[in-house]
>>> print(open('query.cif').read())   # mmCIF, C-alpha atoms and all ligand atoms
data_entry
#
loop_
_atom_site.label_atom_id
_atom_site.label_comp_id
_atom_site.auth_asym_id
_atom_site.auth_seq_id
_atom_site.Cartn_x
_atom_site.Cartn_y
_atom_site.Cartn_z
CA MET A 1207 -12.93 25.42 3.93
CA ILE A 1208 -10.30 24.05 1.58
CA GLN A 1209 -8.99 20.77 2.93
CA ASP A 1210 -5.41 19.57 2.59
CA THR A 1211 -5.06 18.34 -1.01
CA LYS A 1212 -2.40 15.89 0.06
CA THR A 1213 -4.84 13.61 1.86
CA HIS A 1214 -5.78 10.32 0.19
CA ASP A 1215 -2.09 9.99 -0.64
CA SER A 1216 -0.80 6.70 0.70
CA LEU A 1217 0.76 4.92 -2.32
CA ARG A 1218 4.33 4.98 -3.62
CA PRO A 1219 5.15 2.45 -6.40
CA ILE A 1220 8.90 3.24 -6.68
CA ARG A 1221 11.45 3.33 -3.87
CA TRP A 1222 15.21 3.62 -3.58
CA PHE A 1223 15.85 1.40 -0.55
CA GLU A 1224 19.37 1.41 0.97
CA ASP A 1225 21.42 0.61 -2.15
CA HIS A 1226 18.89 -0.59 -4.70
CA LEU A 1227 15.61 0.05 -6.48
CA GLN A 1228 12.28 -1.39 -5.40
CA LEU A 1229 9.22 -1.51 -7.67
CA LEU A 1230 5.66 -2.43 -6.79
CA ASP A 1231 4.81 -5.29 -9.16
CA GLN A 1232 1.73 -3.89 -10.96
CA ARG A 1233 1.16 -7.11 -12.94
CA ILE A 1234 -0.19 -8.92 -9.91
CA LEU A 1235 -2.33 -6.18 -8.35
CA PRO A 1236 -4.88 -6.21 -6.81
CA GLN A 1237 -4.51 -9.83 -5.69
CA LEU A 1238 -0.93 -9.39 -4.43
CA VAL A 1239 0.82 -6.27 -3.17
CA GLN A 1240 4.50 -7.05 -3.60
CA MET A 1241 7.66 -4.94 -3.98
CA ARG A 1242 10.44 -6.42 -6.17
CA ASP A 1243 14.16 -5.63 -5.79
CA TYR A 1244 16.34 -4.42 -8.69
CA GLU A 1245 20.13 -4.12 -8.72
CA ASP A 1246 20.78 -4.48 -12.44
CA VAL A 1247 19.90 -1.96 -15.17
CA LEU A 1248 18.94 -4.60 -17.75
CA GLU A 1249 16.52 -6.11 -15.26
CA VAL A 1250 15.07 -2.62 -14.80
CA ALA A 1251 14.65 -2.24 -18.59
CA LYS A 1252 12.87 -5.61 -18.68
CA ALA A 1253 10.62 -4.56 -15.78
CA ILE A 1254 9.54 -1.53 -17.86
CA THR A 1255 8.90 -3.63 -21.00
CA ASP A 1256 7.04 -6.29 -19.02
CA MET A 1257 4.83 -3.72 -17.20
CA VAL A 1258 6.05 -4.42 -13.65
CA VAL A 1259 6.10 -0.62 -13.61
CA ARG A 1260 4.02 1.38 -16.08
CA GLY A 1261 2.61 4.85 -16.59
CA ALA A 1262 4.67 7.55 -18.29
CA PRO A 1263 6.13 9.45 -15.30
CA ALA A 1264 6.72 6.21 -13.36
CA ILE A 1265 8.78 4.65 -16.13
CA GLY A 1266 10.81 7.87 -16.44
CA ILE A 1267 11.62 7.85 -12.72
CA THR A 1268 12.40 4.13 -12.83
CA ALA A 1269 14.76 4.67 -15.77
CA ALA A 1270 16.56 7.44 -13.85
CA TYR A 1271 17.26 4.99 -11.00
CA GLY A 1272 18.23 2.43 -13.68
CA VAL A 1273 20.97 4.83 -14.83
CA VAL A 1274 22.30 4.92 -11.24
CA LEU A 1275 22.51 1.10 -11.18
CA ALA A 1276 24.19 1.05 -14.60
CA ALA A 1277 26.76 3.65 -13.55
CA ARG A 1278 27.56 1.76 -10.36
CA SER A 1279 28.24 -1.45 -12.23
CA HIS A 1280 30.21 0.07 -15.14
CA PHE A 1281 32.30 2.22 -12.76
CA ALA A 1282 33.14 -0.88 -10.69
CA GLN A 1283 34.19 -2.78 -13.83
CA ASP A 1284 36.23 -0.04 -15.50
CA ALA A 1285 36.53 3.21 -13.51
CA GLY A 1286 38.42 4.98 -16.31
CA ASN A 1287 36.03 4.16 -19.11
CA TRP A 1288 32.57 3.79 -17.55
CA GLN A 1289 31.01 6.69 -19.49
CA GLN A 1290 31.69 4.78 -22.73
CA THR A 1291 30.87 1.24 -21.59
CA ILE A 1292 27.53 2.36 -20.09
CA GLN A 1293 26.12 3.64 -23.40
CA ALA A 1294 24.63 0.35 -24.72
CA ASP A 1295 22.75 -0.17 -21.45
CA LEU A 1296 21.34 3.35 -21.59
CA GLU A 1297 20.11 2.70 -25.11
CA THR A 1298 18.38 -0.52 -23.98
CA LEU A 1299 16.77 1.41 -21.13
CA GLU A 1300 15.59 4.21 -23.42
CA ASN A 1301 14.08 1.71 -25.87
CA SER A 1302 12.26 -0.36 -23.25
CA ARG A 1303 8.95 1.29 -24.24
CA PRO A 1304 8.53 3.69 -27.17
CA THR A 1305 5.53 5.97 -26.61
CA ALA A 1306 6.04 7.69 -23.24
CA ILE A 1307 8.46 10.57 -23.79
CA ASN A 1308 9.15 10.75 -20.03
CA LEU A 1309 11.49 7.78 -20.48
CA ALA A 1310 13.85 9.55 -22.92
CA TRP A 1311 13.39 12.80 -20.99
CA ALA A 1312 14.60 11.20 -17.74
CA VAL A 1313 17.52 9.33 -19.35
CA ASN A 1314 18.63 12.56 -21.06
CA ARG A 1315 18.53 14.42 -17.75
CA MET A 1316 20.71 11.72 -16.22
CA LYS A 1317 23.10 11.85 -19.20
CA ALA A 1318 23.46 15.61 -18.75
CA VAL A 1319 24.61 15.02 -15.14
CA MET A 1320 26.91 12.19 -16.26
CA VAL A 1321 28.73 14.49 -18.66
CA GLY A 1322 29.62 16.81 -15.78
CA ILE A 1323 31.18 13.98 -13.74
CA THR A 1324 34.87 14.03 -14.63
CA SER A 1325 36.30 11.97 -11.78
CA GLY A 1326 35.39 9.80 -8.81
CA ASP A 1327 32.39 7.66 -7.94
CA PRO A 1328 29.42 8.83 -10.06
CA VAL A 1329 26.77 7.20 -7.87
CA PRO A 1330 26.13 9.95 -5.27
CA ARG A 1331 25.55 12.65 -7.90
CA LEU A 1332 23.43 10.44 -10.15
CA LEU A 1333 21.37 9.16 -7.24
CA ALA A 1334 20.74 12.74 -6.12
CA GLU A 1335 19.49 13.60 -9.62
CA ALA A 1336 17.20 10.53 -9.80
CA GLN A 1337 15.79 11.39 -6.38
CA LYS A 1338 15.21 14.96 -7.53
CA ILE A 1339 13.35 13.76 -10.65
CA HIS A 1340 11.24 11.57 -8.34
CA ALA A 1341 10.50 14.35 -5.81
CA ASP A 1342 9.80 16.93 -8.54
CA ASP A 1343 7.26 14.58 -10.12
CA ILE A 1344 5.31 14.27 -6.87
CA ALA A 1345 5.46 18.05 -6.35
CA ALA A 1346 4.17 18.59 -9.93
CA ASN A 1347 1.29 16.22 -9.21
CA TYR A 1348 0.28 18.16 -6.08
CA LYS A 1349 0.31 21.37 -8.08
CA MET A 1350 -1.69 19.89 -10.98
CA GLY A 1351 -4.16 18.43 -8.50
CA GLU A 1352 -4.94 21.91 -7.18
CA LEU A 1353 -5.10 23.51 -10.63
CA GLY A 1354 -7.31 20.81 -12.15
CA ALA A 1355 -9.67 20.46 -9.17
CA ALA A 1356 -10.41 24.20 -9.33
CA HIS A 1357 -12.21 23.58 -12.65
CA ILE A 1358 -14.62 20.99 -11.28
CA ALA A 1359 -18.01 21.98 -9.87
CA ALA A 1360 -19.16 20.62 -6.49
CA ASN A 1361 -20.53 17.12 -6.34
CA SER A 1362 -19.53 16.05 -9.88
CA GLY A 1363 -19.25 12.60 -11.39
CA VAL A 1364 -16.04 12.10 -13.41
CA ILE A 1365 -14.75 9.36 -15.67
CA THR A 1366 -11.12 8.28 -16.09
CA HIS A 1367 -9.35 5.82 -18.38
CA CYS A 1368 -6.45 3.45 -17.69
CA ASN A 1369 -4.48 4.37 -14.56
CA ALA A 1370 -2.94 7.81 -14.28
CA GLY A 1371 -2.62 7.60 -10.54
CA ALA A 1372 0.03 7.26 -7.85
CA LEU A 1373 0.86 3.92 -9.44
CA ALA A 1374 1.68 5.58 -12.78
CA THR A 1375 3.86 8.34 -11.28
CA GLY A 1376 6.22 9.02 -8.38
CA GLY A 1377 3.09 9.34 -6.23
CA TYR A 1378 -0.33 11.09 -6.01
CA GLY A 1379 -0.94 10.82 -9.76
CA THR A 1380 -1.84 13.13 -12.62
CA ALA A 1381 -5.51 12.49 -13.52
CA LEU A 1382 -6.01 10.75 -10.18
CA GLY A 1383 -4.14 13.62 -8.49
CA VAL A 1384 -6.86 15.97 -9.72
CA ILE A 1385 -9.42 13.42 -8.55
CA ARG A 1386 -7.74 13.12 -5.11
CA ALA A 1387 -7.67 16.92 -4.74
CA GLY A 1388 -11.22 17.25 -6.08
CA PHE A 1389 -12.55 14.59 -3.71
CA SER A 1390 -10.81 16.29 -0.75
CA ARG A 1391 -12.69 19.48 -1.65
CA SER A 1392 -16.10 17.81 -2.08
CA LYS A 1393 -15.98 18.43 -5.83
CA ILE A 1394 -16.21 14.76 -6.78
CA SER A 1395 -18.97 12.42 -5.69
CA MET A 1396 -18.17 9.42 -7.91
CA VAL A 1397 -15.24 8.25 -10.04
CA TYR A 1398 -16.19 6.04 -12.97
CA ALA A 1399 -13.24 3.94 -14.14
CA ASP A 1400 -13.06 2.34 -17.59
CA GLU A 1401 -11.83 -1.22 -17.11
CA THR A 1402 -9.22 -0.64 -19.90
CA ARG A 1403 -8.66 -3.79 -21.91
CA PRO A 1404 -6.36 -5.58 -22.43
CA TRP A 1405 -4.21 -4.90 -19.33
CA LEU A 1406 -7.19 -3.85 -17.21
CA GLN A 1407 -5.36 -0.92 -15.62
CA GLY A 1408 -8.74 0.63 -14.79
CA ALA A 1409 -10.09 -2.47 -13.07
CA ARG A 1410 -6.91 -3.74 -11.45
CA LEU A 1411 -5.11 -0.49 -10.67
CA THR A 1412 -7.41 2.57 -10.66
CA ALA A 1413 -10.21 0.79 -8.80
CA TRP A 1414 -7.66 -0.60 -6.32
CA GLU A 1415 -6.03 2.79 -5.85
CA MET A 1416 -9.40 4.48 -5.22
CA VAL A 1417 -10.48 1.78 -2.76
CA GLN A 1418 -7.16 2.17 -0.87
CA GLU A 1419 -7.81 5.91 -0.60
CA LYS A 1420 -11.51 5.53 0.30
CA ILE A 1421 -12.63 7.45 -2.80
CA PRO A 1422 -15.89 6.07 -4.26
CA VAL A 1423 -15.29 4.24 -7.54
CA THR A 1424 -17.58 2.48 -10.03
CA LEU A 1425 -16.06 0.29 -12.70
CA ILE A 1426 -17.51 0.19 -16.22
CA ALA A 1427 -16.67 -1.65 -19.43
CA GLU A 1428 -15.35 1.08 -21.74
CA GLY A 1429 -18.20 0.41 -24.13
CA ALA A 1430 -20.51 1.77 -21.40
CA ALA A 1431 -18.98 5.27 -21.35
CA SER A 1432 -21.30 6.85 -23.93
CA TYR A 1433 -24.42 5.49 -22.22
CA LEU A 1434 -23.12 6.74 -18.87
CA MET A 1435 -22.59 10.19 -20.36
CA LYS A 1436 -26.01 10.19 -21.99
CA GLN A 1437 -27.48 9.68 -18.53
CA GLY A 1438 -25.72 12.84 -17.34
CA LYS A 1439 -23.69 11.05 -14.70
CA VAL A 1440 -20.34 12.68 -15.50
CA SER A 1441 -19.28 16.24 -16.20
CA TRP A 1442 -15.55 15.68 -16.82
CA ALA A 1443 -13.43 12.98 -18.44
CA ILE A 1444 -10.00 13.23 -16.78
CA VAL A 1445 -7.03 11.35 -18.24
CA GLY A 1446 -3.22 11.33 -18.22
CA SER A 1447 -0.86 11.26 -21.17
CA ASP A 1448 2.24 9.47 -22.44
CA ARG A 1449 3.24 12.22 -24.83
CA ILE A 1450 1.78 15.58 -25.79
CA ALA A 1451 2.88 16.83 -29.22
CA ALA A 1452 3.75 20.46 -29.94
CA ASN A 1453 0.29 21.16 -31.37
CA GLY A 1454 -1.50 19.75 -28.29
CA ASP A 1455 -2.39 16.31 -29.70
CA VAL A 1456 -2.36 13.83 -26.84
CA ALA A 1457 -1.15 10.21 -26.86
CA ASN A 1458 -2.62 8.10 -24.08
CA LYS A 1459 -3.86 4.56 -23.44
CA ILE A 1460 -5.79 3.00 -26.31
CA GLY A 1461 -9.44 3.97 -25.94
CA THR A 1462 -8.74 7.54 -24.81
CA TYR A 1463 -9.58 8.84 -28.30
CA SER A 1464 -12.99 7.08 -28.27
CA LEU A 1465 -13.66 8.55 -24.84
CA ALA A 1466 -12.87 12.06 -26.13
CA VAL A 1467 -15.17 11.61 -29.13
CA VAL A 1468 -18.13 10.49 -27.02
CA ALA A 1469 -17.38 13.19 -24.44
CA LYS A 1470 -17.65 15.85 -27.15
CA ARG A 1471 -20.93 14.30 -28.38
CA HIS A 1472 -22.43 14.54 -24.88
CA GLY A 1473 -21.04 17.91 -23.76
CA VAL A 1474 -18.72 16.27 -21.21
CA LYS A 1475 -15.52 18.30 -20.73
CA PHE A 1476 -12.20 16.62 -21.50
CA MET A 1477 -9.20 17.26 -19.20
CA VAL A 1478 -5.67 15.97 -19.81
CA VAL A 1479 -3.35 16.12 -16.79
CA ALA A 1480 0.37 15.72 -17.41
CA PRO A 1481 3.64 17.23 -16.19
CA THR A 1482 5.74 19.19 -18.71
CA SER A 1483 8.11 16.19 -18.82
CA THR A 1484 5.35 14.61 -20.96
CA VAL A 1485 5.30 17.50 -23.45
CA ASP A 1486 7.46 16.83 -26.51
CA MET A 1487 7.90 20.02 -28.51
CA ALA A 1488 10.21 18.13 -30.90
CA THR A 1489 7.21 16.09 -32.10
CA ALA A 1490 5.08 18.30 -34.32
CA ASP A 1491 1.77 16.48 -34.01
CA GLY A 1492 0.12 13.22 -33.04
CA ASP A 1493 0.92 11.51 -36.35
CA ALA A 1494 4.61 11.68 -35.47
CA ILE A 1495 4.20 9.97 -32.06
CA PRO A 1496 5.46 6.36 -32.12
CA ILE A 1497 2.66 4.06 -31.00
CA GLU A 1498 3.68 0.88 -29.22
CA LEU A 1499 2.29 -2.31 -30.72
CA ARG A 1500 2.18 -5.09 -28.15
CA SER A 1501 1.74 -8.84 -28.55
CA GLU A 1502 -1.43 -10.37 -30.02
CA ASP A 1503 -1.64 -12.67 -27.01
CA GLU A 1504 -2.57 -9.75 -24.74
CA ILE A 1505 -5.85 -9.52 -26.70
CA LEU A 1506 -6.40 -13.19 -27.50
CA ARG A 1507 -5.92 -14.42 -23.92
CA VAL A 1508 -7.02 -13.43 -20.44
CA GLY A 1509 -4.97 -14.70 -17.51
CA GLY A 1510 -3.25 -17.16 -19.84
CA ASN A 1511 -6.55 -18.64 -21.08
CA ALA A 1512 -7.61 -18.29 -24.74
CA ILE A 1513 -10.78 -16.23 -25.25
CA ALA A 1514 -10.71 -16.37 -29.07
CA PRO A 1515 -10.61 -19.30 -31.48
CA ASP A 1516 -7.27 -20.62 -32.74
CA GLY A 1517 -6.52 -18.88 -36.03
CA ALA A 1518 -7.99 -15.48 -35.05
CA ARG A 1519 -5.49 -12.63 -35.24
CA ALA A 1520 -5.39 -9.57 -32.98
CA TRP A 1521 -4.22 -5.96 -33.39
CA ASN A 1522 -2.89 -4.47 -30.19
CA PRO A 1523 -1.82 -0.81 -30.29
CA ALA A 1524 -1.19 0.18 -26.67
CA PHE A 1525 -1.93 3.88 -27.24
CA ASP A 1526 -3.93 6.22 -29.47
CA VAL A 1527 -3.85 9.93 -30.17
CA THR A 1528 -6.62 12.33 -29.21
CA PRO A 1529 -6.58 15.38 -31.51
CA ALA A 1530 -6.08 18.70 -29.72
CA GLU A 1531 -9.49 19.92 -30.93
CA LEU A 1532 -11.18 17.37 -28.62
CA VAL A 1533 -9.24 18.51 -25.55
CA ASP A 1534 -10.77 21.25 -23.39
CA ILE A 1535 -7.84 21.76 -21.03
CA ILE A 1536 -4.33 20.45 -20.53
CA VAL A 1537 -3.25 20.79 -16.90
CA THR A 1538 0.49 20.95 -16.21
CA GLU A 1539 2.52 22.06 -13.20
CA ARG A 1540 3.36 25.28 -15.09
CA GLY A 1541 -0.27 26.13 -15.69
CA ILE A 1542 -3.32 25.29 -17.75
CA VAL A 1543 -3.71 25.42 -21.53
CA THR A 1544 -7.30 25.83 -22.72
CA ASN A 1545 -8.18 24.57 -26.23
CA PRO A 1546 -4.53 23.74 -26.98
CA THR A 1547 -2.72 25.02 -30.09
CA LEU A 1548 0.94 25.15 -31.10
CA LYS A 1549 1.20 28.79 -30.01
CA LYS A 1550 -0.32 28.10 -26.59
CA MET A 1551 1.93 25.06 -26.06
CA GLN A 1552 4.98 27.18 -27.00
CA GLU A 1553 3.90 29.83 -24.49
CA LEU A 1554 3.47 27.19 -21.77
CA MET A 1555 6.89 25.64 -22.38
CA ALA A 1556 8.56 29.07 -22.38
CA LYS A 1557 7.33 29.73 -18.81
O1 LIG B 1601 0.52 0.97 -20.85
P1 LIG B 1601 0.54 1.84 -19.62
O2 LIG B 1601 -0.18 1.25 -18.46
O3 LIG B 1601 1.94 2.29 -19.29
O4 LIG B 1601 -0.27 3.13 -20.06
C1 LIG B 1601 -0.38 4.18 -19.13
C2 LIG B 1601 -1.21 5.29 -19.61
O5 LIG B 1601 -1.69 5.32 -20.73
C3 LIG B 1601 -1.38 6.44 -18.66
O6 LIG B 1601 -2.64 7.04 -18.83
C4 LIG B 1601 -0.30 7.48 -18.97
O7 LIG B 1601 0.97 6.89 -18.91
C5 LIG B 1601 -0.34 8.62 -18.05
S1 LIG B 1601 0.22 8.13 -16.44
C6 LIG B 1601 0.20 9.43 -15.38
#
>>> encode(input="query.cif", output="structure tokens")
Amino acid sequence: MIQDTKTHDSLRPIRWFEDHLQLLDQRILPQLVQMRDYEDVLEVAKAITDMVVRGAPAIGITAAYGVVLAARSHFAQDAGNWQQTIQADLETLENSRPTAINLAWAVNRMKAVMVGITSGDPVPRLLAEAQKIHADDIAANYKMGELGAAHIAANSGVITHCNAGALATGGYGTALGVIRAGFSRSKISMVYADETRPWLQGARLTAWEMVQEKIPVTLIAEGAASYLMKQGKVSWAIVGSDRIAANGDVANKIGTYSLAVVAKRHGVKFMVVAPTSTVDMATADGDAIPIELRSEDEILRVGGNAIAPDGARAWNPAFDVTPAELVDIIVTERGIVTNPTLKKMQELMAK
């Protein structure tokens, strides 16, 4: 019997509460579970840059609510001219992180609604649009969960990288949505989570999320993935994405590319799960995706303490690109693309 795929679904990292935005502070998980309040768009942009909220769909949704806050404040200051005065704030919001296309996608959707507002208080219409973006994301995740889980054989071990879960989305998750649905249907017996240096999203967030949902999880250092695969313990690597180029190249957390290479070597299938808001047909291939470079300190220090000698430098790209040829399937809410190519991505996006 197929069980309800919406079980194991208790976490929501983003909330519009009364008249403001609340974000679960992901920097302090799993030690502290704390929501923070946001009433100012520039504070929201800073929360995205500083990783209070992270994960491509989650930062898109957050930015949409950020536009609501910006509109409220600019309309209160200058009701006749708010559509002009708001522009600099929207640019700051859009530039708060460069790789995830969901951010620009969400801000552009909000701008399209703004243009249609010719008089009166813009907040109700913009809030309705942000809430729709939020609800649509969760619905897409449920759909992708079902589609992706259908490809997994009973009792499989799977490996995931970073956190592409409820915490990285409006709720339920992309890669972890497939894992939630797969676990509900007895397809998944163990989830192996890469710890994901330097921010430890695998250790701090994915392991926490799985423990909350009572889904069995085993943490590994990412260097252990190839040995794990050699032992036959996993049949699928399942990851999310920050941006999928028109030819099917996939940007995701640094280390995803290595995982795809070792998966191919060991006959482990590679699944990318992402809503179509992550697909960027205006970017031809992975070489054209902007890769965020973050501070050296994130590599040189752990919890504020130096782990390398003074004088050592660090290189800290936050993302890498997995070539389409290493991807077996891309799962979206509009359907699945097998062995992605430009033509297949065009067909998907035309649906
Ligand atoms: O730097 P982060 O934590 O924002 O990186 C997140 C990822 O790489 C996720 O895998 C990606 O955004 C997909 S989230 C559903």
>>> residues_around(input="query.cif", residues="A:Ala1530", least_positions_apart="5", cutoff="12 Å", atoms="all atoms listed in the file", output="list of chain:residue names")
A:Ile1450, A:Ala1451, A:Ala1452, A:Asn1453, A:Gly1454, A:Asp1455, A:Val1456, A:Ala1457, A:Tyr1463, A:Ala1466, A:Val1467, A:Phe1476, A:Met1477, A:Val1478, A:Asp1491, A:Gly1492, A:Ile1535, A:Ile1536, A:Val1543, A:Thr1544, A:Asn1545, A:Pro1546, A:Thr1547, A:Leu1548, A:Lys1550, A:Met1551
>>> residues_near_ligand(input="query.cif", ligand="ligand LIG 1601 (chain B)", cutoff="6 Å", atoms="all atoms listed in the file", output="list in words")
Arg1260, Gly1261, Ala1262, Pro1263, Cys1368, Asn1369, Ala1370, Gly1371, Ala1374, Thr1375, Gly1379, Thr1380, Gly1446, Ser1447, Asp1448, Asn1458 and Lys1459 of chain A
>>> closest_residue(input="query.cif", among="A:Ala1285, A:Leu1411, A:Ala1524, A:Ala1346", to="A:Gly1326", atoms="all atoms listed in the file")
A:Ala1285
>>> atom_distance(input="query.cif", atom1="atom CA of A:Val1259", atom2="atom CA of A:Glu1352")
25.9 Å
>>> closest_residue(input="query.cif", among="A:Val1273, A:Leu1238, A:Ile1421, A:Val1397", to="A:His1226", atoms="only C-alpha atoms")
A:Val1273
>>> atom_distance(input="query.cif", atom1="atom CA of A:Val1423", atom2="atom CA of A:Leu1382")
11.6 Å
>>> atom_distance(input="query.cif", atom1="atom CA of A:Ser1432", atom2="atom CA of A:Arg1403")
16.6 Å
>>> closest_residue(input="query.cif", among="A:Met1487, A:Ala1318, A:Ala1520, A:Ile1513", to="A:Glu1553", atoms="only C-alpha atoms")
A:Met1487
